[in-house]
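What's in structure13.pdb: PDB, C-alpha atoms
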ATOM      1  CA  ASP U  20    -102.793  -1.693 -23.087  1.00  0.00           C
ATOM      2  CA  ALA U  21    -101.781   1.828 -24.091  1.00  0.00           C
ATOM      3  CA  GLY U  22     -98.217   0.824 -24.803  1.00  0.00           C
ATOM      4  CA  VAL U  23     -95.170   2.829 -23.820  1.00  0.00           C
ATOM      5  CA  ILE U  24     -96.077   6.490 -23.487  1.00  0.00           C
ATOM      6  CA  GLN U  25     -93.529   9.229 -24.071  1.00  0.00           C
ATOM      7  CA  SER U  26     -93.844  12.970 -23.741  1.00  0.00           C
ATOM      8  CA  PRO U  27     -93.418  15.394 -25.270  1.00  0.00           C
ATOM      9  CA  ARG U  28     -93.557  14.185 -28.903  1.00  0.00           C
ATOM     10  CA  HIS U  29     -91.526  17.159 -30.071  1.00  0.00           C
ATOM     11  CA  GLU U  30     -89.251  19.494 -28.165  1.00  0.00           C
ATOM     12  CA  VAL U  31     -87.506  22.527 -29.576  1.00  0.00           C
ATOM     13  CA  THR U  32     -85.186  24.365 -27.243  1.00  0.00           C
ATOM     14  CA  GLU U  33     -82.229  26.688 -27.271  1.00  0.00           C
ATOM     15  CA  MET U  34     -78.715  25.664 -26.472  1.00  0.00           C
ATOM     16  CA  GLY U  35     -78.043  25.799 -22.743  1.00  0.00           C
ATOM     17  CA  GLN U  36     -81.604  25.065 -21.678  1.00  0.00           C
ATOM     18  CA  GLU U  37     -82.629  22.081 -19.592  1.00  0.00           C
ATOM     19  CA  VAL U  38     -84.658  19.389 -21.335  1.00  0.00           C
ATOM     20  CA  THR U  39     -86.678  16.689 -19.589  1.00  0.00           C
ATOM     21  CA  LEU U  40     -88.113  13.729 -21.457  1.00  0.00           C
ATOM     22  CA  ARG U  41     -90.688  11.498 -19.826  1.00  0.00           C
ATOM     23  CA  CYS U  42     -91.696   7.886 -20.188  1.00  0.00           C
ATOM     24  CA  LYS U  43     -94.369   5.593 -18.817  1.00  0.00           C
ATOM     25  CA  PRO U  44     -93.579   1.926 -19.482  1.00  0.00           C
ATOM     26  CA  ILE U  45     -96.089  -0.834 -20.057  1.00  0.00           C
ATOM     27  CA  SER U  46     -97.545  -2.007 -16.779  1.00  0.00           C
ATOM     28  CA  GLY U  47     -95.833  -5.177 -15.584  1.00  0.00           C
ATOM     29  CA  HIS U  48     -92.679  -4.643 -17.616  1.00  0.00           C
ATOM     30  CA  ASN U  49     -89.739  -4.544 -15.246  1.00  0.00           C
ATOM     31  CA  SER U  50     -87.070  -3.310 -17.655  1.00  0.00           C
ATOM     32  CA  LEU U  51     -86.937   0.182 -19.132  1.00  0.00           C
ATOM     33  CA  PHE U  52     -84.541   1.477 -21.751  1.00  0.00           C
ATOM     34  CA  TRP U  53     -83.622   4.884 -23.142  1.00  0.00           C
ATOM     35  CA  TYR U  54     -82.269   4.925 -26.717  1.00  0.00           C
ATOM     36  CA  ARG U  55     -81.175   7.772 -28.966  1.00  0.00           C
ATOM     37  CA  GLN U  56     -81.450   7.565 -32.757  1.00  0.00           C
ATOM     38  CA  THR U  57     -79.588   9.697 -35.275  1.00  0.00           C
ATOM     39  CA  MET U  58     -78.775   9.184 -38.936  1.00  0.00           C
ATOM     40  CA  MET U  59     -75.063   9.120 -38.190  1.00  0.00           C
ATOM     41  CA  ARG U  60     -75.022   6.792 -35.189  1.00  0.00           C
ATOM     42  CA  GLY U  61     -78.182   4.743 -35.543  1.00  0.00           C
ATOM     43  CA  LEU U  62     -80.007   3.503 -32.450  1.00  0.00           C
ATOM     44  CA  GLU U  63     -77.800   3.807 -29.370  1.00  0.00           C
ATOM     45  CA  LEU U  64     -78.602   2.532 -25.897  1.00  0.00           C
ATOM     46  CA  LEU U  65     -78.125   5.293 -23.344  1.00  0.00           C
ATOM     47  CA  ILE U  66     -79.206   3.592 -20.121  1.00  0.00           C
ATOM     48  CA  TYR U  67     -81.424   0.820 -18.894  1.00  0.00           C
ATOM     49  CA  PHE U  68     -83.166   0.026 -15.640  1.00  0.00           C
ATOM     50  CA  ASN U  69     -84.262  -3.255 -14.156  1.00  0.00           C
ATOM     51  CA  ASN U  70     -86.841  -3.081 -11.360  1.00  0.00           C
ATOM     52  CA  ASN U  71     -86.260   0.704 -11.197  1.00  0.00           C
ATOM     53  CA  VAL U  72     -82.504   0.281 -10.618  1.00  0.00           C
ATOM     54  CA  PRO U  73     -80.023   1.587 -13.233  1.00  0.00           C
ATOM     55  CA  ILE U  74     -78.098  -1.419 -14.549  1.00  0.00           C
ATOM     56  CA  ASP U  75     -75.960   0.002 -17.341  1.00  0.00           C
ATOM     57  CA  ASP U  76     -75.443   3.690 -18.047  1.00  0.00           C
ATOM     58  CA  SER U  77     -72.298   3.267 -20.107  1.00  0.00           C
ATOM     59  CA  GLY U  78     -74.066   4.726 -23.122  1.00  0.00           C
ATOM     60  CA  MET U  79     -74.834   8.041 -21.481  1.00  0.00           C
ATOM     61  CA  PRO U  80     -72.667  10.430 -23.506  1.00  0.00           C
ATOM     62  CA  GLU U  81     -71.562  12.726 -20.708  1.00  0.00           C
ATOM     63  CA  ASP U  82     -72.471  14.215 -17.358  1.00  0.00           C
ATOM     64  CA  ARG U  83     -74.983  16.535 -18.963  1.00  0.00           C
ATOM     65  CA  PHE U  84     -77.261  13.515 -19.279  1.00  0.00           C
ATOM     66  CA  SER U  85     -79.040  11.956 -16.326  1.00  0.00           C
ATOM     67  CA  ALA U  86     -81.887   9.491 -15.964  1.00  0.00           C
ATOM     68  CA  LYS U  87     -84.102   8.488 -13.100  1.00  0.00           C
ATOM     69  CA  MET U  88     -86.785   5.917 -12.464  1.00  0.00           C
ATOM     70  CA  PRO U  89     -88.459   6.810  -9.173  1.00  0.00           C
ATOM     71  CA  ASN U  90     -91.110   4.104  -9.518  1.00  0.00           C
ATOM     72  CA  ALA U  91     -92.191   1.292 -11.817  1.00  0.00           C
ATOM     73  CA  SER U  92     -94.423   3.500 -13.916  1.00  0.00           C
ATOM     74  CA  PHE U  93     -92.296   6.541 -14.632  1.00  0.00           C
ATOM     75  CA  SER U  94     -88.864   7.508 -15.880  1.00  0.00           C
ATOM     76  CA  THR U  95     -87.180  10.733 -16.949  1.00  0.00           C
ATOM     77  CA  LEU U  96     -84.174  11.545 -19.091  1.00  0.00           C
ATOM     78  CA  LYS U  97     -82.732  14.978 -18.437  1.00  0.00           C
ATOM     79  CA  ILE U  98     -80.190  16.953 -20.449  1.00  0.00           C
ATOM     80  CA  GLN U  99     -78.690  19.966 -18.746  1.00  0.00           C
ATOM     81  CA  PRO U 100     -77.374  22.046 -20.420  1.00  0.00           C
ATOM     82  CA  SER U 101     -78.537  20.994 -23.876  1.00  0.00           C
ATOM     83  CA  GLU U 102     -76.348  21.371 -26.968  1.00  0.00           C
ATOM     84  CA  PRO U 103     -77.153  21.279 -30.706  1.00  0.00           C
ATOM     85  CA  ARG U 104     -75.411  17.892 -31.034  1.00  0.00           C
ATOM     86  CA  ASP U 105     -78.047  16.432 -28.684  1.00  0.00           C
ATOM     87  CA  SER U 106     -80.632  16.845 -31.445  1.00  0.00           C
ATOM     88  CA  ALA U 107     -82.027  13.377 -32.124  1.00  0.00           C
ATOM     89  CA  VAL U 108     -85.053  11.174 -31.607  1.00  0.00           C
ATOM     90  CA  TYR U 109     -85.099   9.732 -28.100  1.00  0.00           C
ATOM     91  CA  PHE U 110     -86.963   6.470 -27.628  1.00  0.00           C
ATOM     92  CA  CYS U 111     -88.078   4.868 -24.425  1.00  0.00           C
ATOM     93  CA  ALA U 112     -88.758   1.126 -24.499  1.00  0.00           C
ATOM     94  CA  SER U 113     -89.859  -1.446 -21.968  1.00  0.00           C
ATOM     95  CA  SER U 114     -89.606  -5.204 -21.742  1.00  0.00           C
ATOM     96  CA  PRO U 115     -91.146  -7.874 -19.476  1.00  0.00           C
ATOM     97  CA  GLY U 116     -87.983  -9.931 -19.169  1.00  0.00           C
ATOM     98  CA  PRO U 117     -84.311 -10.312 -20.117  1.00  0.00           C
ATOM     99  CA  ARG U 118     -84.980 -12.505 -23.174  1.00  0.00           C
ATOM    100  CA  SER U 119     -88.011 -10.587 -24.353  1.00  0.00           C
ATOM    101  CA  PRO U 120     -88.200  -8.059 -27.176  1.00  0.00           C
ATOM    102  CA  LEU U 121     -88.596  -4.354 -26.618  1.00  0.00           C
ATOM    103  CA  HIS U 122     -91.791  -2.354 -26.885  1.00  0.00           C
ATOM    104  CA  PHE U 123     -90.997   1.154 -28.043  1.00  0.00           C
ATOM    105  CA  GLY U 124     -92.774   4.406 -27.362  1.00  0.00           C
ATOM    106  CA  ASN U 125     -93.435   6.868 -30.163  1.00  0.00           C
ATOM    107  CA  GLY U 126     -90.272   8.797 -29.362  1.00  0.00           C
ATOM    108  CA  THR U 127     -89.450  12.409 -28.615  1.00  0.00           C
ATOM    109  CA  ARG U 128     -87.910  14.418 -31.431  1.00  0.00           C
ATOM    110  CA  LEU U 129     -85.529  16.877 -29.802  1.00  0.00           C
ATOM    111  CA  THR U 130     -84.166  19.871 -31.659  1.00  0.00           C
ATOM    112  CA  VAL U 131     -81.613  22.083 -29.923  1.00  0.00           C
ATOM    113  CA  THR U 132     -80.905  25.344 -31.736  1.00  0.00           C
TER     114      THR U 132
ATOM    115  CA  GLN L   8     -65.711  -3.832 -35.662  1.00  0.00           C
ATOM    116  CA  LYS L   9     -69.270  -2.978 -34.727  1.00  0.00           C
ATOM    117  CA  GLU L  10     -71.072  -5.374 -32.405  1.00  0.00           C
ATOM    118  CA  VAL L  11     -73.964  -5.871 -34.820  1.00  0.00           C
ATOM    119  CA  GLU L  12     -73.502  -5.428 -38.555  1.00  0.00           C
ATOM    120  CA  GLN L  13     -76.172  -5.501 -41.228  1.00  0.00           C
ATOM    121  CA  ASN L  14     -75.774  -5.716 -44.971  1.00  0.00           C
ATOM    122  CA  SER L  15     -75.465  -2.236 -46.330  1.00  0.00           C
ATOM    123  CA  GLY L  16     -78.441  -0.923 -48.204  1.00  0.00           C
ATOM    124  CA  PRO L  17     -80.461   0.313 -49.632  1.00  0.00           C
ATOM    125  CA  LEU L  18     -82.052  -2.868 -50.934  1.00  0.00           C
ATOM    126  CA  SER L  19     -84.570  -2.671 -53.740  1.00  0.00           C
ATOM    127  CA  VAL L  20     -86.712  -5.592 -54.898  1.00  0.00           C
ATOM    128  CA  PRO L  21     -89.730  -5.843 -57.209  1.00  0.00           C
ATOM    129  CA  GLU L  22     -93.139  -6.614 -55.779  1.00  0.00           C
ATOM    130  CA  GLY L  23     -93.588 -10.343 -55.276  1.00  0.00           C
ATOM    131  CA  ALA L  24     -89.873 -11.083 -54.972  1.00  0.00           C
ATOM    132  CA  ILE L  25     -87.969 -12.412 -51.973  1.00  0.00           C
ATOM    133  CA  ALA L  26     -86.063  -9.861 -49.900  1.00  0.00           C
ATOM    134  CA  SER L  27     -83.072 -11.155 -47.953  1.00  0.00           C
ATOM    135  CA  LEU L  28     -81.665  -9.231 -45.012  1.00  0.00           C
ATOM    136  CA  ASN L  29     -78.518 -10.305 -43.201  1.00  0.00           C
ATOM    137  CA  CYS L  30     -76.940  -9.597 -39.843  1.00  0.00           C
ATOM    138  CA  THR L  31     -73.757 -10.705 -38.102  1.00  0.00           C
ATOM    139  CA  TYR L  32     -72.856 -10.188 -34.467  1.00  0.00           C
ATOM    140  CA  SER L  33     -69.670 -10.361 -32.456  1.00  0.00           C
ATOM    141  CA  ASP L  34     -70.791 -11.404 -28.955  1.00  0.00           C
ATOM    142  CA  ARG L  35     -70.909 -15.213 -28.762  1.00  0.00           C
ATOM    143  CA  VAL L  36     -72.940 -15.218 -25.542  1.00  0.00           C
ATOM    144  CA  SER L  37     -75.881 -13.441 -27.146  1.00  0.00           C
ATOM    145  CA  GLN L  38     -79.076 -15.243 -26.267  1.00  0.00           C
ATOM    146  CA  SER L  39     -81.952 -13.783 -28.217  1.00  0.00           C
ATOM    147  CA  PHE L  40     -82.270 -12.175 -31.596  1.00  0.00           C
ATOM    148  CA  PHE L  41     -84.899  -9.856 -32.998  1.00  0.00           C
ATOM    149  CA  TRP L  42     -85.892  -8.182 -36.209  1.00  0.00           C
ATOM    150  CA  TYR L  43     -87.701  -4.867 -35.986  1.00  0.00           C
ATOM    151  CA  ARG L  44     -89.306  -2.883 -38.776  1.00  0.00           C
ATOM    152  CA  GLN L  45     -89.211   0.910 -38.674  1.00  0.00           C
ATOM    153  CA  TYR L  46     -91.237   3.048 -41.007  1.00  0.00           C
ATOM    154  CA  SER L  47     -89.985   6.554 -41.669  1.00  0.00           C
ATOM    155  CA  GLY L  48     -90.827   8.823 -38.749  1.00  0.00           C
ATOM    156  CA  LYS L  49     -92.136   5.955 -36.634  1.00  0.00           C
ATOM    157  CA  SER L  50     -90.769   3.818 -33.826  1.00  0.00           C
ATOM    158  CA  PRO L  51     -89.328   0.321 -34.307  1.00  0.00           C
ATOM    159  CA  GLU L  52     -91.837  -2.523 -34.059  1.00  0.00           C
ATOM    160  CA  LEU L  53     -91.043  -6.177 -33.544  1.00  0.00           C
ATOM    161  CA  ILE L  54     -91.673  -8.500 -36.467  1.00  0.00           C
ATOM    162  CA  MET L  55     -89.676 -11.613 -35.547  1.00  0.00           C
ATOM    163  CA  SER L  56     -87.840 -13.092 -32.586  1.00  0.00           C
ATOM    164  CA  ILE L  57     -85.619 -16.170 -32.662  1.00  0.00           C
ATOM    165  CA  TYR L  58     -83.810 -17.912 -29.831  1.00  0.00           C
ATOM    166  CA  SER L  59     -82.397 -21.184 -31.174  1.00  0.00           C
ATOM    167  CA  ASN L  60     -80.542 -22.337 -34.267  1.00  0.00           C
ATOM    168  CA  GLY L  61     -82.592 -22.997 -37.348  1.00  0.00           C
ATOM    169  CA  ASP L  62     -85.516 -21.395 -39.080  1.00  0.00           C
ATOM    170  CA  LYS L  63     -88.618 -19.747 -37.683  1.00  0.00           C
ATOM    171  CA  GLU L  64     -91.484 -18.891 -39.985  1.00  0.00           C
ATOM    172  CA  ASP L  65     -94.326 -16.449 -39.414  1.00  0.00           C
ATOM    173  CA  GLY L  66     -96.475 -15.773 -42.443  1.00  0.00           C
ATOM    174  CA  ARG L  67     -94.321 -14.250 -45.173  1.00  0.00           C
ATOM    175  CA  PHE L  68     -91.378 -13.794 -42.811  1.00  0.00           C
ATOM    176  CA  THR L  69     -88.681 -16.374 -42.021  1.00  0.00           C
ATOM    177  CA  ALA L  70     -85.870 -15.743 -39.555  1.00  0.00           C
ATOM    178  CA  GLN L  71     -82.770 -17.922 -39.649  1.00  0.00           C
ATOM    179  CA  LEU L  72     -80.198 -18.219 -36.869  1.00  0.00           C
ATOM    180  CA  ASN L  73     -76.760 -19.810 -36.938  1.00  0.00           C
ATOM    181  CA  LYS L  74     -75.014 -19.265 -33.624  1.00  0.00           C
ATOM    182  CA  ALA L  75     -71.814 -20.998 -34.719  1.00  0.00           C
ATOM    183  CA  SER L  76     -71.444 -18.517 -37.568  1.00  0.00           C
ATOM    184  CA  GLN L  77     -72.881 -15.671 -35.466  1.00  0.00           C
ATOM    185  CA  TYR L  78     -75.331 -14.946 -38.219  1.00  0.00           C
ATOM    186  CA  VAL L  79     -79.031 -14.141 -38.322  1.00  0.00           C
ATOM    187  CA  SER L  80     -81.111 -13.379 -41.361  1.00  0.00           C
ATOM    188  CA  LEU L  81     -84.628 -12.383 -42.351  1.00  0.00           C
ATOM    189  CA  LEU L  82     -86.368 -13.469 -45.524  1.00  0.00           C
ATOM    190  CA  ILE L  83     -89.493 -11.715 -46.719  1.00  0.00           C
ATOM    191  CA  ARG L  84     -91.419 -13.704 -49.311  1.00  0.00           C
ATOM    192  CA  ASP L  85     -93.882 -12.185 -51.769  1.00  0.00           C
ATOM    193  CA  SER L  86     -92.622  -8.700 -50.902  1.00  0.00           C
ATOM    194  CA  GLN L  87     -95.235  -5.956 -50.923  1.00  0.00           C
ATOM    195  CA  PRO L  88     -94.831  -2.175 -51.259  1.00  0.00           C
ATOM    196  CA  SER L  89     -96.027  -1.956 -47.646  1.00  0.00           C
ATOM    197  CA  ASP L  90     -92.858  -3.830 -46.627  1.00  0.00           C
ATOM    198  CA  SER L  91     -90.811  -0.789 -47.649  1.00  0.00           C
ATOM    199  CA  ALA L  92     -89.122   0.272 -44.407  1.00  0.00           C
ATOM    200  CA  THR L  93     -85.870   0.064 -42.495  1.00  0.00           C
ATOM    201  CA  TYR L  94     -85.225  -3.320 -40.890  1.00  0.00           C
ATOM    202  CA  LEU L  95     -83.207  -3.393 -37.688  1.00  0.00           C
ATOM    203  CA  CYS L  96     -81.428  -6.443 -36.369  1.00  0.00           C
ATOM    204  CA  ALA L  97     -81.084  -6.574 -32.571  1.00  0.00           C
ATOM    205  CA  VAL L  98     -78.961  -8.919 -30.506  1.00  0.00           C
ATOM    206  CA  ASN L  99     -79.794  -9.390 -26.854  1.00  0.00           C
ATOM    207  CA  ASP L 100     -77.445 -10.388 -24.046  1.00  0.00           C
ATOM    208  CA  ALA L 101     -78.864 -10.575 -20.505  1.00  0.00           C
ATOM    209  CA  GLY L 102     -81.560  -8.057 -21.270  1.00  0.00           C
ATOM    210  CA  LYS L 103     -79.445  -5.529 -23.135  1.00  0.00           C
ATOM    211  CA  SER L 104     -80.283  -5.174 -26.839  1.00  0.00           C
ATOM    212  CA  THR L 105     -77.724  -3.860 -29.303  1.00  0.00           C
ATOM    213  CA  PHE L 106     -78.982  -2.762 -32.696  1.00  0.00           C
ATOM    214  CA  GLY L 107     -77.438  -2.772 -36.136  1.00  0.00           C
ATOM    215  CA  ASP L 108     -77.606   0.325 -38.299  1.00  0.00           C
ATOM    216  CA  GLY L 109     -80.519  -1.077 -40.269  1.00  0.00           C
ATOM    217  CA  THR L 110     -81.124  -1.974 -43.893  1.00  0.00           C
ATOM    218  CA  THR L 111     -83.576   0.125 -45.864  1.00  0.00           C
ATOM    219  CA  LEU L 112     -85.794  -1.957 -48.122  1.00  0.00           C
ATOM    220  CA  THR L 113     -87.789  -0.569 -51.023  1.00  0.00           C
ATOM    221  CA  VAL L 114     -90.334  -2.789 -52.744  1.00  0.00           C
ATOM    222  CA  LYS L 115     -91.220  -1.435 -56.150  1.00  0.00           C
ATOM    223  CA  PRO L 116     -94.719  -2.077 -57.570  1.00  0.00           C
TER     224      PRO L 116
END

Could I get this file's structure written as structure tokens?
Amino acid sequence: DAGVIQSPRHEVTEMGQEVTLRCKPISGHNSLFWYRQTMMRGLELLIYFNNNVPIDDSGMPEDRFSAKMPNASFSTLKIQPSEPRDSAVYFCASSPGPRSPLHFGNGTRLTVT
Amino acid sequence: QKEVEQNSGPLSVPEGAIASLNCTYSDRVSQSFFWYRQYSGKSPELIMSIYSNGDKEDGRFTAQLNKASQYVSLLIRDSQPSDSATYLCAVNDAGKSTFGDGTTLTVKP
């Protein structure tokens, strides 16, 4: 299995631009998670989906952030407009069940200048 | 109070020693508990999972869980320089994992 696949690995953009991060979960995993990691705040859960349905988006910082999961094999996290404080590493993870551990992708390092 | 708290680091141990990492959590209904290792610039990877009170051993790693005290720990025996990383404690409730801030371990040769 290829594991969780995220793209791009690095993204550098200017403030105000739209950023789209992509994720392909492990086949057969029915839960998908988006986390953000910074030195100051650690690893924060932004949103998670179960069977393609958003279950908890309480971690999404504000309306500039949105996430979709149109099918079982693809999810996007969009930031529009981006701000310098959004600079972080964004991880996508998937899991086969509610008591199972997470399998993380390699992350997307986002830099907003 | 944070939902998941880990002992503040960094933690430094000599090669061959035992490293002890601790974690407390606030949500009593938490069901599953995980330890992840994260090397600098890499993604977290699972090293141990534990679901019931007591000890669980896997090679040089032992996880301990005490639900009454809301406490989970990780012991690393015969520490190696390759164990130098940040260790993240995660507490899972109904599929949602909350992470501690991590403890950075350095094993000195």

Give one line per residue of chain L that approaches chain U to at most 12 Å, naming the two atoms of the closest pair and their distance in Å to one decimal, counting only C-alpha atoms; sort by chain then ascending residue number and deliver it as CSV.
residue,atom,partner,partner_atom,distance
L:Lys9,CA,U:Arg60,CA,11.3
L:Glu10,CA,U:Glu63,CA,11.8
L:Val11,CA,U:Leu62,CA,11.4
L:Glu12,CA,U:Gly61,CA,11.6
L:Gln13,CA,U:Gly61,CA,11.9
L:Ser37,CA,U:Arg118,CA,10.0
L:Gln38,CA,U:Arg118,CA,7.2
L:Ser39,CA,U:Arg118,CA,6.0
L:Phe40,CA,U:Pro120,CA,8.5
L:Phe41,CA,U:Pro120,CA,6.9
L:Trp42,CA,U:Pro120,CA,9.3
L:Tyr43,CA,U:Pro120,CA,9.4
L:Arg44,CA,U:Phe123,CA,11.6
L:Gln45,CA,U:Phe123,CA,10.8
L:Tyr46,CA,U:Asn125,CA,11.7
L:Ser47,CA,U:Met58,CA,11.8
L:Gly48,CA,U:Asn125,CA,9.2
L:Lys49,CA,U:Asn125,CA,6.7
L:Ser50,CA,U:Asn125,CA,5.5
L:Pro51,CA,U:Phe123,CA,6.5
L:Glu52,CA,U:Phe123,CA,7.1
L:Leu53,CA,U:Pro120,CA,7.2
L:Ile54,CA,U:Pro120,CA,9.9
L:Met55,CA,U:Pro120,CA,9.2
L:Ser56,CA,U:Pro120,CA,7.4
L:Ile57,CA,U:Pro120,CA,10.1
L:Tyr58,CA,U:Arg118,CA,8.7
L:Thr93,CA,U:Gly61,CA,11.4
L:Tyr94,CA,U:Gly61,CA,12.0
L:Leu95,CA,U:Leu62,CA,9.2
L:Cys96,CA,U:Leu62,CA,10.8
L:Ala97,CA,U:Pro120,CA,9.1
L:Val98,CA,U:Pro120,CA,9.9
L:Asn99,CA,U:Arg118,CA,7.1
L:Asp100,CA,U:Arg118,CA,7.9
L:Ala101,CA,U:Pro117,CA,5.5
L:Gly102,CA,U:Pro117,CA,3.7
L:Lys103,CA,U:Pro117,CA,7.5
L:Ser104,CA,U:Leu64,CA,7.9
L:Thr105,CA,U:Leu64,CA,7.3
L:Phe106,CA,U:Leu62,CA,6.4
L:Gly107,CA,U:Gly61,CA,7.6
L:Asp108,CA,U:Gly61,CA,5.2
L:Gly109,CA,U:Gly61,CA,7.9
L:Thr110,CA,U:Gly61,CA,11.1

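Using all atoms listed in the file, the shortest contact distance between Cys30 (chain L) and any of L:Pro17, L:Val79, L:Lys115, L:Ser86 is found at L:Val79.
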
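Distance annotation: of U:Thr132, U:Gln36, U:Asn70, U:Thr57, the residue with the minimal separation from Ser94 (chain U) is U:Asn70; atom set is only C-alpha atoms.
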
| request: Show me as a PyMOL selection string the residues that reach within 10 Å of (-83.3, 24.8, -27.5), counting only C-alpha atoms and using the file's own coordinates. | output: chain U and resi 30-38+100-103+105-106+129-132

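One distance worth recording is that between CA of Arg67 (chain L) and CA of Ser113 (chain U), which is 26.9 Å.
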
| task | Determine the residue set returned by the PyMOL selection byres ((chain U and resi 78) around 6) for the present structure, and present it as a ChimeraX atom specification. | result | /U:64-65,76-77,79-80

Identify, on the basis of only C-alpha atoms, every residue whose closest approach to Lys97 (chain U) does not exceed 7 Å; exclude the query and any residue fewer than 6 positions from it along the same chain; express the result as an mmCIF file with C-alpha atoms, keeping the file's coordinate frame.
data_model
loop_
_atom_site.group_PDB
_atom_site.id
_atom_site.type_symbol
_atom_site.label_atom_id
_atom_site.label_comp_id
_atom_site.auth_asym_id
_atom_site.auth_seq_id
_atom_site.Cartn_x
_atom_site.Cartn_y
_atom_site.Cartn_z
ATOM 1 C CA VAL U 38 -84.658 19.389 -21.335
ATOM 2 C CA THR U 39 -86.678 16.689 -19.589
ATOM 3 C CA LEU U 40 -88.113 13.729 -21.457
ATOM 4 C CA PHE U 84 -77.261 13.515 -19.279
ATOM 5 C CA SER U 85 -79.040 11.956 -16.326
ATOM 6 C CA ALA U 86 -81.887 9.491 -15.964
#

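Computed from the coordinates, the CA of Gly47 (chain U) to CA of Val72 (chain U) distance equals 15.2 Å.
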
| message | Under the PyMOL selection byres ((chain L and resi 21) around 10), which residues of this model are included? Write them out as an MDAnalysis selection string. | response | chainID L and resid 19:20 22:26 85:88 113:116

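Among the candidates L:Leu81, L:Ala92, L:Leu28, L:Ala75, the residue lying nearest to Ser59 (chain L) is L:Ala75 (atoms considered: all atoms listed in the file).
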
| note | CA of Asp82 (chain U) sits from CA of Leu51 (chain U) at a separation of 20.2 Å

Would you give the centre and edge lengths, in Å to one decimal, of a box along x, y and z around the listed atoms of region 91-97 of chain U, with 6 Å added to each side, as AutoDock Vina command-line options?
--center_x -88.6 --center_y 8.1 --center_z -15.5 --size_x 23.7 --size_y 25.7 --size_z 19.3
